[in-house]
Amino acid sequence: MNVQDELIEIRQAAREDKLLVSVLATATFYEAYFEQDAPADLANYIVESFSPTSIREQLEDPESTFFIISIDGHAVGFAKLISGSTDPSIENKKTIELKRIYIVERVWGKGVGEKLLRHCEEFARKLGNDSVWLGVWQLNERGQNFYAKQGFVKKGTITFPYGNSVGINDVMEKEL
């Protein structure tokens, strides 16, 4: 059952949202990967990548745009886009990277992620991008299936080093 559209709000995050984004990032990333990753690597990555200081710096980056999605006033996820980011497997296009899109597990399967993704795609179109691309961990079957269902196509691979681990991510792209 999908959440009613009138209960959903998506807004662009501001610098004042650094703590909210930090908590959302920590909770959702942990929920997504705690069963697959080495605990120390996961913890170190979360602390390094999602600390309030790191999130503040990311929010202040003019190439980055964050969106927060809420249901009935309660934040349940976020997305991060990076303008001008590309990968060698994506050729001759004006692209934008969907660096992160995470939703709390409690609302998985209710259409919230799709709504946030559509919002990001519309934002990318308004900026004049030809496509959206992302990297999704090869062991993340749920993510792989979600993006394929949304029209993303595998174009290549990239490495994702963190802690003592190195993940292999599929590069996927969606034409806009």
# chains A, B, ... in the order shown; residues from 1 in each chain; ligands from 1
>>> closest_atom_pairs(of="stretch 24-74 of chain A", to="stretch 7-17 of chain A", cutoff="10 Å", atoms="only C-alpha atoms", output="Markdown table")
| residue | atom | partner | partner_atom | distance |
| --- | --- | --- | --- | --- |
| A:Pro52 | CA | A:Asp17 | CA | 9.4 |
| A:Ile55 | CA | A:Arg15 | CA | 8.7 |
| A:Arg56 | CA | A:Arg15 | CA | 6.1 |
| A:Glu57 | CA | A:Arg15 | CA | 8.8 |
| A:Gln58 | CA | A:Arg15 | CA | 9.1 |
| A:Leu59 | CA | A:Arg15 | CA | 5.8 |
| A:Glu60 | CA | A:Arg15 | CA | 6.8 |
| A:Thr65 | CA | A:Gln12 | CA | 7.2 |
| A:Phe66 | CA | A:Ala13 | CA | 5.3 |
| A:Phe67 | CA | A:Gln12 | CA | 4.4 |
| A:Ile68 | CA | A:Arg11 | CA | 5.5 |
| A:Ile69 | CA | A:Ile10 | CA | 4.4 |
| A:Ser70 | CA | A:Glu9 | CA | 5.2 |
| A:Ile71 | CA | A:Ile8 | CA | 4.6 |
| A:Asp72 | CA | A:Leu7 | CA | 4.8 |
| A:Gly73 | CA | A:Glu9 | CA | 7.6 |
| A:His74 | CA | A:Ile8 | CA | 9.2 |
>>> closest_atom_pairs(of="stretch 35-90 of chain A", to="stretch 117-127 of chain A", cutoff="9 Å", atoms="only C-alpha atoms", output="Markdown table")
| residue | atom | partner | partner_atom | distance |
| --- | --- | --- | --- | --- |
| A:Phe67 | CA | A:Cys120 | CA | 8.1 |
| A:Ala79 | CA | A:Cys120 | CA | 7.8 |
| A:Lys80 | CA | A:Cys120 | CA | 8.7 |
| A:Leu81 | CA | A:Cys120 | CA | 7.6 |
| A:Ser83 | CA | A:Ala124 | CA | 8.5 |
>>> closest_residue(among="A:Tyr45, A:Ser54, A:Val3, A:Gly84", to="A:Phe160", atoms="only C-alpha atoms")
A:Tyr45
>>> atom_distance(atom1="atom CA of A:Leu98", atom2="atom CA of A:Phe50")
16.5 Å
>>> closest_atom_pairs(of="stretch 42-109 of chain A", to="stretch 143-151 of chain A", cutoff="12 Å", atoms="only C-alpha atoms", output="Markdown table")
| residue | atom | partner | partner_atom | distance |
| --- | --- | --- | --- | --- |
| A:Leu98 | CA | A:Tyr147 | CA | 11.3 |
| A:Arg100 | CA | A:Gly143 | CA | 11.5 |
| A:Ile101 | CA | A:Gly143 | CA | 10.1 |
| A:Tyr102 | CA | A:Gly143 | CA | 10.1 |
| A:Ile103 | CA | A:Gly143 | CA | 11.5 |
| A:Trp108 | CA | A:Phe146 | CA | 11.0 |
| A:Gly109 | CA | A:Phe146 | CA | 10.0 |
>>> write_last_selection(atoms="N, CA, C and O atoms", output="compact mmCIF listing (two decimals), in the first residue's frame")
# COMPACT_ATOMS: atom_id res chain seq x y z
N LEU A 98 23.19 10.70 -8.86
CA LEU A 98 22.38 10.45 -7.67
C LEU A 98 23.30 9.72 -6.71
O LEU A 98 23.47 8.51 -6.78
N ARG A 100 23.26 9.57 -3.34
CA ARG A 100 22.61 8.86 -2.24
C ARG A 100 21.10 9.01 -2.38
O ARG A 100 20.61 10.08 -2.70
N ILE A 101 20.41 7.94 -2.07
CA ILE A 101 18.96 7.99 -1.89
C ILE A 101 18.65 6.88 -0.89
O ILE A 101 18.85 5.70 -1.17
N TYR A 102 18.24 7.28 0.29
CA TYR A 102 17.99 6.33 1.36
C TYR A 102 16.69 6.67 2.07
O TYR A 102 16.40 7.84 2.33
N ILE A 103 15.93 5.63 2.38
CA ILE A 103 14.64 5.74 3.05
C ILE A 103 14.68 4.83 4.27
O ILE A 103 15.23 3.73 4.21
N TRP A 108 9.80 1.21 3.55
CA TRP A 108 10.18 0.50 2.31
C TRP A 108 8.94 -0.14 1.71
O TRP A 108 8.08 -0.67 2.41
N GLY A 109 8.87 -0.13 0.40
CA GLY A 109 7.79 -0.79 -0.32
C GLY A 109 6.49 -0.01 -0.36
O GLY A 109 5.48 -0.52 -0.83
